[in-house]
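Quick notes on the structure that follows.
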Amino acid sequence: MSVNPYPLGLRLAGRRVVVVGGGAVATRRVPALLDAGADVLLVAPELTPALRAHLDAGRLRWTPRRFEPDDLDGAWLVQVAIDDPAAAATVSAAAAERRVFCVRADDRNAATAWTPAVTRHGPVTVAVLGGGDPRRAMTVRDAIRELLEARPAPSGDATAGRGPASVAGGRVALVGAGPGDPELITLKGWRLLTEADVVVADRLVPGLLLDEMRADVELVDASKIPYGPARTQEEINRILVDRARAGASVVRLKGGDPYVFGRGGEELLACAEAGVPVTVVPGVTSSVAAPAAAGIPVTHRGVAHEFTVVSGHVAPDSPDSLVRWDALAALRGTLVILMGLKNLAAIADALLAHGRPADTPAAVVQEGTTTGQRVLRSTLGAVAADVVSADLRPPAVVVLGEVVTTLSPATPT
Ligand code: SAH
């Protein structure tokens, strides 16, 4: 006869959890235990490479043999991750004798505890037990996850992921939106976006992300703020601070990563100086993702052991330049230039003048990771002219170095 299980959240930090087995099931179970801070002891003659990696990193301990009942001494919980029923029954018996709850991957009817399907939404954990059917548990879990992602957490409530200091007031998150493909935002960034009351978005932010926002969210298009660049930044900072002070959850959504040529630091300082709680959620930067989308790895074993990301928005001969183009020319690794199309001829000349060979492979990736992506392959000597004749436009990254031709054959145009 089955009775209803009694749901619990366990505080496992520092407490011994024994996992019997070192195969695929154990590999899937161990990360959540480590995440909960458990003192994990694996008992198994052999480990998968993933488990061995945890061991090598000092995250767990290992008893390299088959299970013996004494292995459970001092344990609070045991997970049986083997499929030999007789051996599993031995673990169950030893667990019952010691009053230790026992999860059985091989036979849930023989278990005294069950692991639910889980989804986390900020500080909220949803755990679903499927009454013996793990698929049903996952289906229900997925449906709940979709609901949570589609809806904001109740505002002014600690469940919205706000720290105690900011429960009453608003907060700002500087969120990296990724390089263009809307799926390349992080899970955390996406959650904050779905919870936001106000979104201040850049020009380079994937439009599809904004399409999916709730109708009642205030959307501020930062590229439409009608001042010069300096005033515009001040105005953005002011909007962030004002809205947060009025109690709103504000997401400042920025293309790529907020700190890669994104003025994220200035916005962080402005919030911090105004006493507004502010966090940064890193993003996938175009400096790595746009080359990758064009089949170019920024590093490759035996080819390039470095990659340098540099802004080309200031001409090399300008007194405002902070870049040592002469030193960059002396490097042999990968050079990724952002905001470099306008000054590309001058940049190429500077690199050539300081010794980077004219036949260095070059590529230009326009609107990388989007449906509008265009890729031009060339050489350092020819790339500036090729960009003009191909009519490439910003946003684009320029990649220089042998990696350009490593995965795809050289086809200079
Ligand atoms: N913070 C952003 C970069 C902002 S500077 C990031 O981490 O990606 C803006 C420059 O980024 C553009 O001029 C262009 O050089 C580059 N860029 C941004 N998105 C791009 C994309 N999808 N494809 C190619 N280059 C891109």
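Here's how to read the names in the structure tokens: chain A, B, ... by the order shown, residue numbers from 1 in each chain, ligand numbers from 1 in the order shown.
Considering only C-alpha atoms and all ligand atoms, every residue of the polymer chains approaching ligand 1 to 6 Å or closer is listed here: Pro179, Gly180, Gly255, Gly256, Asp257, Pro258, Val260, Phe261, Gly262, Thr285, Ser286, Ser287, Ala290, Leu338, Met339, Val365, Gln366, Glu367, Gly368, Thr369, Pro394, Pro395, Ala396 and Val397 of chain A.
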Residue subset to file, keeping all heavy atoms, as a compact mmCIF listing (two decimals), in the first residue's frame:
# COMPACT_ATOMS: atom_id res chain seq x y z
N PRO A 179 25.26 38.30 -28.07
CA PRO A 179 25.72 38.96 -29.29
C PRO A 179 24.63 39.23 -30.33
O PRO A 179 24.86 40.00 -31.25
CB PRO A 179 26.74 37.97 -29.84
CG PRO A 179 26.25 36.65 -29.36
CD PRO A 179 25.67 36.91 -28.00
N GLY A 180 23.48 38.60 -30.24
CA GLY A 180 22.48 38.85 -31.28
C GLY A 180 21.41 37.78 -31.33
O GLY A 180 20.22 38.08 -31.31
N GLY A 255 24.11 44.93 -25.17
CA GLY A 255 24.58 43.97 -26.15
C GLY A 255 25.84 43.25 -25.66
O GLY A 255 26.68 43.85 -24.99
N GLY A 256 25.95 41.96 -25.94
CA GLY A 256 27.15 41.20 -25.57
C GLY A 256 27.31 41.12 -24.07
O GLY A 256 26.37 40.79 -23.35
N ASP A 257 28.50 41.47 -23.60
CA ASP A 257 28.79 41.52 -22.17
C ASP A 257 28.80 42.97 -21.71
O ASP A 257 29.36 43.83 -22.41
CB ASP A 257 30.15 40.86 -21.90
CG ASP A 257 30.50 40.90 -20.43
OD1 ASP A 257 31.09 41.91 -19.97
OD2 ASP A 257 30.16 39.94 -19.73
N PRO A 258 28.23 43.27 -20.54
CA PRO A 258 28.11 44.67 -20.11
C PRO A 258 29.45 45.39 -19.93
O PRO A 258 29.50 46.62 -20.04
CB PRO A 258 27.39 44.57 -18.76
CG PRO A 258 26.75 43.24 -18.73
CD PRO A 258 27.56 42.35 -19.61
N VAL A 260 32.34 44.71 -21.67
CA VAL A 260 33.22 44.77 -22.85
C VAL A 260 32.78 45.93 -23.72
O VAL A 260 31.78 45.86 -24.43
CB VAL A 260 33.17 43.44 -23.65
CG1 VAL A 260 34.05 43.54 -24.89
CG2 VAL A 260 33.62 42.28 -22.77
N PHE A 261 33.49 47.04 -23.64
CA PHE A 261 33.17 48.26 -24.38
C PHE A 261 31.69 48.60 -24.28
O PHE A 261 31.07 49.01 -25.26
CB PHE A 261 33.58 48.12 -25.85
CG PHE A 261 35.00 47.67 -26.04
CD1 PHE A 261 35.32 46.64 -26.89
CD2 PHE A 261 36.03 48.27 -25.31
CE1 PHE A 261 36.63 46.22 -27.05
CE2 PHE A 261 37.34 47.85 -25.46
CZ PHE A 261 37.64 46.82 -26.33
N GLY A 262 31.15 48.45 -23.08
CA GLY A 262 29.71 48.65 -22.95
C GLY A 262 29.35 49.72 -21.94
O GLY A 262 28.17 49.94 -21.68
N THR A 285 29.97 37.58 -25.13
CA THR A 285 30.45 38.74 -25.87
C THR A 285 30.63 38.44 -27.36
O THR A 285 31.06 37.36 -27.75
CB THR A 285 31.77 39.26 -25.27
OG1 THR A 285 32.25 40.33 -26.09
CG2 THR A 285 32.84 38.18 -25.20
N SER A 286 30.30 39.43 -28.18
CA SER A 286 30.45 39.27 -29.63
C SER A 286 31.91 39.06 -30.02
O SER A 286 32.18 38.49 -31.08
CB SER A 286 29.90 40.50 -30.35
OG SER A 286 30.68 41.64 -30.06
N SER A 287 32.84 39.50 -29.17
CA SER A 287 34.25 39.37 -29.54
C SER A 287 34.66 37.90 -29.65
O SER A 287 35.61 37.57 -30.35
CB SER A 287 35.14 40.10 -28.53
OG SER A 287 34.88 39.66 -27.22
N ALA A 290 30.93 36.13 -32.26
CA ALA A 290 30.79 36.41 -33.69
C ALA A 290 31.83 35.61 -34.50
O ALA A 290 31.47 34.97 -35.50
CB ALA A 290 30.89 37.91 -33.97
N LEU A 338 36.82 45.33 -32.26
CA LEU A 338 35.42 45.75 -32.23
C LEU A 338 35.34 47.20 -32.65
O LEU A 338 36.29 47.97 -32.42
CB LEU A 338 34.83 45.56 -30.82
CG LEU A 338 34.20 44.18 -30.54
CD1 LEU A 338 35.21 43.07 -30.74
CD2 LEU A 338 33.60 44.11 -29.15
N MET A 339 34.22 47.61 -33.16
CA MET A 339 33.99 49.00 -33.56
C MET A 339 35.12 49.49 -34.46
O MET A 339 35.56 50.64 -34.36
CB MET A 339 33.88 49.91 -32.32
CG MET A 339 32.71 49.53 -31.42
SD MET A 339 32.52 50.62 -30.00
CE MET A 339 33.76 49.96 -28.91
N VAL A 365 33.15 39.75 -39.54
CA VAL A 365 31.85 39.12 -39.29
C VAL A 365 30.86 40.22 -38.94
O VAL A 365 30.99 40.87 -37.90
CB VAL A 365 31.93 38.09 -38.15
CG1 VAL A 365 30.60 37.34 -38.01
CG2 VAL A 365 33.09 37.14 -38.35
N GLN A 366 29.90 40.41 -39.81
CA GLN A 366 28.88 41.43 -39.58
C GLN A 366 27.64 40.74 -39.00
O GLN A 366 27.24 39.67 -39.46
CB GLN A 366 28.52 42.10 -40.91
CG GLN A 366 27.36 43.07 -40.82
CD GLN A 366 27.02 43.68 -42.17
OE1 GLN A 366 27.90 44.01 -42.96
NE2 GLN A 366 25.73 43.84 -42.43
N GLU A 367 27.06 41.37 -37.97
CA GLU A 367 25.84 40.83 -37.34
C GLU A 367 25.95 39.35 -37.02
O GLU A 367 25.04 38.56 -37.34
CB GLU A 367 24.62 41.09 -38.21
CG GLU A 367 24.21 42.55 -38.21
CD GLU A 367 23.14 42.85 -39.24
OE1 GLU A 367 22.04 42.32 -39.08
OE2 GLU A 367 23.43 43.60 -40.19
N GLY A 368 27.07 38.99 -36.41
CA GLY A 368 27.31 37.59 -36.07
C GLY A 368 26.22 37.01 -35.18
O GLY A 368 25.65 37.72 -34.35
N THR A 369 25.94 35.75 -35.36
CA THR A 369 24.94 34.94 -34.63
C THR A 369 23.49 35.32 -34.95
O THR A 369 22.57 34.75 -34.39
CB THR A 369 25.10 34.94 -33.08
OG1 THR A 369 24.59 36.15 -32.53
CG2 THR A 369 26.54 34.72 -32.64
N PRO A 394 28.68 48.18 -39.73
CA PRO A 394 28.57 47.82 -38.31
C PRO A 394 27.18 47.27 -37.99
O PRO A 394 26.23 47.64 -38.71
CB PRO A 394 28.79 49.14 -37.58
CG PRO A 394 29.32 50.10 -38.59
CD PRO A 394 28.84 49.63 -39.92
N PRO A 395 27.02 46.47 -36.96
CA PRO A 395 28.08 45.98 -36.07
C PRO A 395 28.86 44.83 -36.71
O PRO A 395 28.26 43.92 -37.26
CB PRO A 395 27.31 45.48 -34.85
CG PRO A 395 25.99 45.03 -35.41
CD PRO A 395 25.69 45.95 -36.56
N ALA A 396 30.16 44.93 -36.61
CA ALA A 396 31.00 43.87 -37.17
C ALA A 396 32.26 43.74 -36.34
O ALA A 396 32.74 44.72 -35.77
CB ALA A 396 31.37 44.19 -38.61
N VAL A 397 32.78 42.53 -36.26
CA VAL A 397 34.09 42.33 -35.64
C VAL A 397 35.08 41.93 -36.73
O VAL A 397 34.71 41.26 -37.69
CB VAL A 397 34.10 41.26 -34.53
CG1 VAL A 397 33.16 41.62 -33.40
CG2 VAL A 397 33.78 39.89 -35.06
With only C-alpha atoms as the counted atoms, please give the residues lying no more than 12 Å from Gly275 in chain A, apart from itself and same-chain residues fewer than 3 positions off, as a list of chain:residue names.
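That gives A:Ala165, A:Ser166, A:Gly169, A:Gly170, A:Arg171, A:Val172, A:Leu240, A:Val241, A:Asp242, A:Ala244, A:Arg245, A:Leu268, A:Leu269, A:Ala270, A:Cys271, A:Ala272, A:Val278.
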With all heavy atoms kept, could you save the residues just selected as a JSON list (two decimals), in the first residue's frame?
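Wrote again.json, looks like this:
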[["chain", "number", "residue", "atom", "x", "y", "z"],
["A", 165, "ALA", "N", 18.13, 44.12, 1.85],
["A", 165, "ALA", "CA", 18.36, 45.56, 1.87],
["A", 165, "ALA", "C", 17.46, 46.28, 0.87],
["A", 165, "ALA", "O", 17.20, 47.45, 0.99],
["A", 165, "ALA", "CB", 19.82, 45.87, 1.55],
["A", 166, "SER", "N", 16.99, 45.54, -0.15],
["A", 166, "SER", "CA", 16.30, 46.23, -1.21],
["A", 166, "SER", "C", 14.85, 45.81, -1.35],
["A", 166, "SER", "O", 14.21, 46.12, -2.32],
["A", 166, "SER", "CB", 17.03, 45.96, -2.53],
["A", 166, "SER", "OG", 17.06, 44.57, -2.76],
["A", 169, "GLY", "N", 12.79, 48.85, -1.76],
["A", 169, "GLY", "CA", 13.07, 49.70, -2.90],
["A", 169, "GLY", "C", 13.32, 48.91, -4.15],
["A", 169, "GLY", "O", 13.08, 47.71, -4.21],
["A", 170, "GLY", "N", 13.78, 49.59, -5.16],
["A", 170, "GLY", "CA", 14.06, 48.92, -6.42],
["A", 170, "GLY", "C", 15.49, 48.47, -6.50],
["A", 170, "GLY", "O", 16.23, 48.51, -5.52],
["A", 171, "ARG", "N", 15.84, 48.04, -7.67],
["A", 171, "ARG", "CA", 17.20, 47.56, -7.90],
["A", 171, "ARG", "C", 17.47, 47.62, -9.40],
["A", 171, "ARG", "O", 16.54, 47.69, -10.21],
["A", 171, "ARG", "CB", 17.35, 46.13, -7.43],
["A", 171, "ARG", "CG", 16.31, 45.28, -8.12],
["A", 171, "ARG", "CD", 16.49, 43.81, -7.96],
["A", 171, "ARG", "NE", 15.38, 43.18, -8.67],
["A", 171, "ARG", "CZ", 15.33, 41.90, -9.00],
["A", 171, "ARG", "NH1", 16.33, 41.11, -8.69],
["A", 171, "ARG", "NH2", 14.31, 41.40, -9.65],
["A", 172, "VAL", "N", 18.75, 47.59, -9.72],
["A", 172, "VAL", "CA", 19.16, 47.62, -11.12],
["A", 172, "VAL", "C", 20.02, 46.40, -11.40],
["A", 172, "VAL", "O", 20.89, 46.05, -10.59],
["A", 172, "VAL", "CB", 19.95, 48.91, -11.45],
["A", 172, "VAL", "CG1", 20.52, 48.86, -12.86],
["A", 172, "VAL", "CG2", 19.06, 50.14, -11.28],
["A", 240, "LEU", "N", 18.01, 54.99, -14.78],
["A", 240, "LEU", "CA", 18.23, 53.79, -13.96],
["A", 240, "LEU", "C", 17.99, 54.11, -12.49],
["A", 240, "LEU", "O", 17.26, 53.41, -11.79],
["A", 240, "LEU", "CB", 19.66, 53.25, -14.15],
["A", 240, "LEU", "CG", 20.08, 52.79, -15.55],
["A", 240, "LEU", "CD1", 21.53, 52.31, -15.54],
["A", 240, "LEU", "CD2", 19.15, 51.69, -16.07],
["A", 241, "VAL", "N", 18.62, 55.19, -12.05],
["A", 241, "VAL", "CA", 18.55, 55.54, -10.63],
["A", 241, "VAL", "C", 17.13, 55.95, -10.23],
["A", 241, "VAL", "O", 16.58, 55.48, -9.23],
["A", 241, "VAL", "CB", 19.57, 56.66, -10.31],
["A", 241, "VAL", "CG1", 19.31, 57.26, -8.94],
["A", 241, "VAL", "CG2", 20.99, 56.12, -10.41],
["A", 242, "ASP", "N", 16.49, 56.80, -11.06],
["A", 242, "ASP", "CA", 15.14, 57.28, -10.73],
["A", 242, "ASP", "C", 14.14, 56.13, -10.64],
["A", 242, "ASP", "O", 13.35, 56.05, -9.69],
["A", 242, "ASP", "CB", 14.63, 58.24, -11.82],
["A", 242, "ASP", "CG", 15.27, 59.61, -11.67],
["A", 242, "ASP", "OD1", 16.09, 59.78, -10.75],
["A", 242, "ASP", "OD2", 14.93, 60.49, -12.49],
["A", 244, "ALA", "N", 14.68, 52.95, -10.15],
["A", 244, "ALA", "CA", 14.95, 52.06, -9.01],
["A", 244, "ALA", "C", 14.51, 52.71, -7.71],
["A", 244, "ALA", "O", 13.94, 52.06, -6.84],
["A", 244, "ALA", "CB", 16.44, 51.71, -8.98],
["A", 245, "ARG", "N", 14.76, 54.01, -7.60],
["A", 245, "ARG", "CA", 14.34, 54.71, -6.36],
["A", 245, "ARG", "C", 12.84, 54.70, -6.21],
["A", 245, "ARG", "O", 12.31, 54.74, -5.10],
["A", 245, "ARG", "CB", 14.86, 56.14, -6.37],
["A", 245, "ARG", "CG", 16.31, 56.22, -5.97],
["A", 245, "ARG", "CD", 16.70, 57.65, -5.77],
["A", 245, "ARG", "NE", 18.05, 57.76, -5.26],
["A", 245, "ARG", "CZ", 18.83, 58.80, -5.48],
["A", 245, "ARG", "NH1", 18.40, 59.81, -6.22],
["A", 245, "ARG", "NH2", 20.03, 58.83, -4.96],
["A", 268, "LEU", "N", 27.28, 51.11, -13.35],
["A", 268, "LEU", "CA", 27.38, 50.51, -12.01],
["A", 268, "LEU", "C", 27.75, 51.58, -10.98],
["A", 268, "LEU", "O", 27.15, 51.67, -9.91],
["A", 268, "LEU", "CB", 28.42, 49.39, -12.00],
["A", 268, "LEU", "CG", 28.50, 48.70, -10.64],
["A", 268, "LEU", "CD1", 27.92, 47.30, -10.73],
["A", 268, "LEU", "CD2", 29.90, 48.66, -10.09],
["A", 269, "LEU", "N", 28.74, 52.40, -11.32],
["A", 269, "LEU", "CA", 29.16, 53.44, -10.38],
["A", 269, "LEU", "C", 28.04, 54.43, -10.11],
["A", 269, "LEU", "O", 27.82, 54.84, -8.97],
["A", 269, "LEU", "CB", 30.39, 54.18, -10.93],
["A", 269, "LEU", "CG", 31.71, 53.40, -10.88],
["A", 269, "LEU", "CD1", 32.81, 54.20, -11.57],
["A", 269, "LEU", "CD2", 32.10, 53.09, -9.44],
["A", 270, "ALA", "N", 27.32, 54.79, -11.16],
["A", 270, "ALA", "CA", 26.23, 55.75, -10.98],
["A", 270, "ALA", "C", 25.19, 55.20, -10.01],
["A", 270, "ALA", "O", 24.71, 55.93, -9.13],
["A", 270, "ALA", "CB", 25.58, 56.08, -12.33],
["A", 271, "CYS", "N", 24.85, 53.94, -10.15],
["A", 271, "CYS", "CA", 23.87, 53.33, -9.24],
["A", 271, "CYS", "C", 24.43, 53.24, -7.82],
["A", 271, "CYS", "O", 23.75, 53.59, -6.85],
["A", 271, "CYS", "CB", 23.48, 51.93, -9.72],
["A", 271, "CYS", "SG", 22.56, 51.94, -11.27],
["A", 272, "ALA", "N", 25.67, 52.77, -7.72],
["A", 272, "ALA", "CA", 26.28, 52.61, -6.41],
["A", 272, "ALA", "C", 26.36, 53.95, -5.68],
["A", 272, "ALA", "O", 26.05, 54.05, -4.49],
["A", 272, "ALA", "CB", 27.66, 51.96, -6.54],
["A", 278, "VAL", "N", 22.78, 47.27, -7.10],
["A", 278, "VAL", "CA", 23.03, 46.99, -8.52],
["A", 278, "VAL", "C", 23.87, 45.73, -8.66],
["A", 278, "VAL", "O", 24.78, 45.50, -7.86],
["A", 278, "VAL", "CB", 23.71, 48.22, -9.20],
["A", 278, "VAL", "CG1", 24.97, 48.64, -8.47],
["A", 278, "VAL", "CG2", 23.99, 47.96, -10.66]]
So which residues of range 181-237 of chain A fall under alpha helix (DSSP H) by DSSP, listed as a CSV table (one decimal) with all heavy atoms, in the first residue's frame?
chain,number,residue,atom,x,y,z
A,187,LEU,N,20.6,32.2,-18.6
A,187,LEU,CA,19.4,31.9,-17.9
A,187,LEU,C,19.1,33.0,-16.8
A,187,LEU,O,17.9,33.4,-16.6
A,187,LEU,CB,19.5,30.5,-17.2
A,187,LEU,CG,19.5,29.3,-18.1
A,187,LEU,CD1,19.8,28.1,-17.3
A,187,LEU,CD2,18.2,29.2,-18.8
A,188,LYS,N,20.1,33.4,-16.1
A,188,LYS,CA,19.9,34.4,-15.1
A,188,LYS,C,19.4,35.7,-15.7
A,188,LYS,O,18.5,36.4,-15.2
A,188,LYS,CB,21.2,34.6,-14.3
A,188,LYS,CG,21.1,35.5,-13.1
A,188,LYS,CD,22.3,35.4,-12.2
A,188,LYS,CE,22.0,36.0,-10.9
A,188,LYS,NZ,23.1,35.7,-9.9
A,189,GLY,N,20.1,36.1,-16.8
A,189,GLY,CA,19.7,37.4,-17.5
A,189,GLY,C,18.2,37.3,-17.9
A,189,GLY,O,17.4,38.2,-17.8
A,190,TRP,N,17.8,36.1,-18.4
A,190,TRP,CA,16.5,35.9,-18.9
A,190,TRP,C,15.5,36.0,-17.8
A,190,TRP,O,14.4,36.6,-17.9
A,190,TRP,CB,16.4,34.6,-19.7
A,190,TRP,CG,15.0,34.2,-20.1
A,190,TRP,CD1,14.2,33.2,-19.6
A,190,TRP,CD2,14.2,34.9,-21.1
A,190,TRP,NE1,13.0,33.2,-20.2
A,190,TRP,CE2,13.0,34.3,-21.1
A,190,TRP,CE3,14.4,36.0,-21.9
A,190,TRP,CZ2,11.9,34.6,-22.0
A,190,TRP,CZ3,13.4,36.4,-22.7
A,190,TRP,CH2,12.2,35.7,-22.8
A,191,ARG,N,15.8,35.4,-16.7
A,191,ARG,CA,14.9,35.4,-15.5
A,191,ARG,C,14.7,36.9,-15.0
A,191,ARG,O,13.6,37.3,-14.8
A,191,ARG,CB,15.5,34.6,-14.4
A,191,ARG,CG,14.6,34.7,-13.1
A,191,ARG,CD,15.1,33.7,-12.0
A,191,ARG,NE,16.4,34.0,-11.5
A,191,ARG,CZ,16.6,35.0,-10.6
A,191,ARG,NH1,15.7,35.8,-10.2
A,191,ARG,NH2,17.9,35.2,-10.1
A,192,LEU,N,15.8,37.6,-14.9
A,192,LEU,CA,15.7,39.0,-14.5
A,192,LEU,C,14.9,39.8,-15.5
A,192,LEU,O,14.1,40.7,-15.1
A,192,LEU,CB,17.1,39.6,-14.3
A,192,LEU,CG,17.8,39.1,-13.1
A,192,LEU,CD1,19.3,39.5,-13.1
A,192,LEU,CD2,17.1,39.5,-11.8
A,193,LEU,N,15.1,39.5,-16.7
A,193,LEU,CA,14.3,40.3,-17.8
A,193,LEU,C,12.8,40.0,-17.6
A,193,LEU,O,12.0,40.9,-17.7
A,193,LEU,CB,14.8,39.8,-19.2
A,193,LEU,CG,14.3,40.6,-20.4
A,193,LEU,CD1,14.8,42.0,-20.2
A,193,LEU,CD2,14.9,40.0,-21.6
A,194,THR,N,12.5,38.7,-17.3
A,194,THR,CA,11.0,38.4,-17.2
A,194,THR,C,10.4,39.0,-15.9
A,194,THR,O,9.2,39.1,-15.8
A,194,THR,CB,10.8,36.9,-17.3
A,194,THR,OG1,11.5,36.3,-16.2
A,194,THR,CG2,11.2,36.3,-18.6
A,195,GLU,N,11.3,39.3,-15.0
A,195,GLU,CA,10.8,39.9,-13.7
A,195,GLU,C,10.8,41.4,-13.7
A,195,GLU,O,10.3,42.0,-12.7
A,195,GLU,CB,11.7,39.4,-12.5
A,195,GLU,CG,11.6,37.9,-12.2
A,195,GLU,CD,12.6,37.5,-11.1
A,195,GLU,OE1,13.4,38.4,-10.6
A,195,GLU,OE2,12.7,36.3,-10.8
A,207,GLY,N,16.2,42.2,-30.8
A,207,GLY,CA,14.8,42.6,-30.7
A,207,GLY,C,13.9,41.6,-30.3
A,207,GLY,O,12.9,41.9,-29.6
A,208,LEU,N,14.2,40.3,-30.6
A,208,LEU,CA,13.3,39.2,-30.2
A,208,LEU,C,13.1,39.1,-28.7
A,208,LEU,O,12.1,38.7,-28.2
A,208,LEU,CB,13.8,37.9,-30.8
A,208,LEU,CG,13.4,37.7,-32.2
A,208,LEU,CD1,13.9,36.3,-32.7
A,208,LEU,CD2,11.9,37.7,-32.4
A,209,LEU,N,14.2,39.5,-28.0
A,209,LEU,CA,14.1,39.4,-26.5
A,209,LEU,C,13.1,40.4,-26.0
A,209,LEU,O,12.3,40.1,-25.1
A,209,LEU,CB,15.5,39.8,-25.9
A,209,LEU,CG,16.6,38.7,-25.9
A,209,LEU,CD1,17.8,39.3,-25.3
A,209,LEU,CD2,16.1,37.5,-25.2
A,210,LEU,N,13.0,41.5,-26.7
A,210,LEU,CA,12.1,42.5,-26.2
A,210,LEU,C,10.6,42.2,-26.7
A,210,LEU,O,9.7,42.5,-26.0
A,210,LEU,CB,12.5,43.9,-26.8
A,210,LEU,CG,13.9,44.3,-26.4
A,210,LEU,CD1,14.3,45.6,-27.1
A,210,LEU,CD2,14.1,44.4,-24.9
A,211,ASP,N,10.5,41.5,-27.8
A,211,ASP,CA,9.2,41.1,-28.3
A,211,ASP,C,8.5,40.2,-27.2
A,211,ASP,O,7.3,40.2,-27.1
A,211,ASP,CB,9.4,40.1,-29.5
A,211,ASP,CG,9.2,40.9,-30.7
A,211,ASP,OD1,9.2,42.1,-30.7
A,211,ASP,OD2,9.2,40.2,-31.8
A,229,PRO,N,26.4,61.8,-27.2
A,229,PRO,CA,26.8,60.6,-26.5
A,229,PRO,C,27.0,60.9,-25.0
A,229,PRO,O,26.6,60.1,-24.2
A,229,PRO,CB,28.2,60.3,-27.1
A,229,PRO,CG,28.2,61.0,-28.4
A,229,PRO,CD,27.2,62.1,-28.4
A,230,ALA,N,27.6,62.0,-24.6
A,230,ALA,CA,27.9,62.2,-23.2
A,230,ALA,C,26.6,62.4,-22.4
A,230,ALA,O,26.4,61.7,-21.4
A,230,ALA,CB,28.9,63.4,-23.0
A,231,ARG,N,25.8,63.3,-22.9
A,231,ARG,CA,24.5,63.6,-22.2
A,231,ARG,C,23.6,62.3,-22.2
A,231,ARG,O,23.0,62.1,-21.2
A,231,ARG,CB,23.7,64.7,-23.0
A,231,ARG,CG,23.9,66.1,-22.5
A,231,ARG,CD,23.6,66.3,-21.0
A,231,ARG,NE,22.2,66.0,-20.6
A,231,ARG,CZ,21.1,66.8,-20.8
A,231,ARG,NH1,21.3,67.9,-21.5
A,231,ARG,NH2,20.0,66.4,-20.4
A,232,THR,N,23.7,61.6,-23.3
A,232,THR,CA,22.9,60.4,-23.3
A,232,THR,C,23.2,59.4,-22.2
A,232,THR,O,22.3,58.9,-21.5
A,232,THR,CB,23.0,59.7,-24.7
A,232,THR,OG1,22.6,60.6,-25.7
A,232,THR,CG2,22.2,58.4,-24.8
A,233,GLN,N,24.5,59.2,-22.0
A,233,GLN,CA,24.9,58.3,-20.9
A,233,GLN,C,24.4,58.8,-19.5
A,233,GLN,O,23.9,58.1,-18.7
A,233,GLN,CB,26.4,58.1,-20.9
A,233,GLN,CG,26.9,57.1,-19.9
A,233,GLN,CD,26.4,55.7,-20.2
A,233,GLN,OE1,26.5,55.2,-21.3
A,233,GLN,NE2,25.7,55.1,-19.3
A,234,GLU,N,24.6,60.2,-19.3
A,234,GLU,CA,24.0,60.8,-18.1
A,234,GLU,C,22.6,60.5,-17.9
A,234,GLU,O,22.1,60.2,-16.8
A,234,GLU,CB,24.2,62.3,-18.1
A,234,GLU,CG,25.6,62.8,-17.6
A,234,GLU,CD,25.7,64.3,-17.8
A,234,GLU,OE1,24.7,65.0,-17.7
A,234,GLU,OE2,26.8,64.7,-18.2
A,235,GLU,N,21.9,60.7,-19.1
A,235,GLU,CA,20.4,60.5,-19.0
A,235,GLU,C,20.1,59.0,-18.7
A,235,GLU,O,19.1,58.7,-17.9
A,235,GLU,CB,19.9,60.9,-20.4
A,235,GLU,CG,18.4,60.9,-20.5
A,235,GLU,CD,17.6,61.8,-19.6
A,235,GLU,OE1,18.3,62.7,-19.0
A,235,GLU,OE2,16.4,61.7,-19.5
A,236,ILE,N,20.8,58.1,-19.3
A,236,ILE,CA,20.6,56.7,-19.0
A,236,ILE,C,20.8,56.4,-17.5
A,236,ILE,O,20.0,55.8,-16.8
A,236,ILE,CB,21.5,55.8,-19.8
A,236,ILE,CG1,21.1,55.8,-21.3
A,236,ILE,CG2,21.4,54.3,-19.3
A,236,ILE,CD1,22.1,55.2,-22.2
A,237,ASN,N,21.9,56.9,-17.0
A,237,ASN,CA,22.2,56.7,-15.6
A,237,ASN,C,21.1,57.3,-14.7
A,237,ASN,O,20.6,56.7,-13.7
A,237,ASN,CB,23.5,57.4,-15.2
A,237,ASN,CG,24.7,56.8,-15.9
A,237,ASN,OD1,24.6,55.8,-16.5
A,237,ASN,ND2,25.9,57.4,-15.7
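Counting from CA of Arg377 in chain A, the distance to CA of Arg203 in chain A is 26.5 Å.
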Which of range 15-178 of chain A DSSP labels strand (DSSP E), written as a PyMOL selection string:
chain A and resi 16-20+39-43+61-63+77-80+101-104+117-121+124-128+171-176
Neighbours of Asp142 in chain A within 12 Å (only C-alpha atoms; same-chain residues fewer than 2 positions away dropped), as a PyMOL selection string?
chain A and resi 117-120+126-128+135-140+144-149
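Proximity of A:Gln79, A:Lys342, A:Val336, A:Ala384 to Val403 in chain A, computed with only C-alpha atoms, is greatest for A:Val336.
The coordinates place CA of Arg214 in chain A at 18.7 Å from CA of Ala143 in chain A.
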State, in Å with one decimal place, the distance from CA of Pro361 in chain A to CA of His313 in chain A.
21.6 Å
Which residues are near range 74-77 of chain A? Cut-off 12 Å, only C-alpha atoms, ignore same chain within fewer than 4 positions. Put them as number ranges by chain.
A: 10-20, 33, 38-42, 69-70, 91-92, 94-96, 98-104, 111-115
Surrounding residues of range 356-360 of chain A excluding itself and chain neighbours under 5 positions, 7 Å, only C-alpha atoms, as a compact mmCIF listing (two decimals) with C-alpha atoms, in the first residue's frame:
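Resulting contents of result.txt:
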# COMPACT_ATOMS: atom_id res chain seq x y z
CA ALA A 329 51.52 44.22 -34.35
CA ALA A 330 54.31 42.30 -32.66
CA LEU A 351 49.72 46.89 -37.92
CA THR A 379 44.06 39.18 -45.50
CA LEU A 380 45.45 42.00 -43.39
CA GLY A 381 46.80 43.66 -46.55
CA LEU A 400 43.14 38.72 -37.56
CA GLY A 401 45.38 35.70 -37.21
CA GLU A 402 45.99 32.14 -38.30
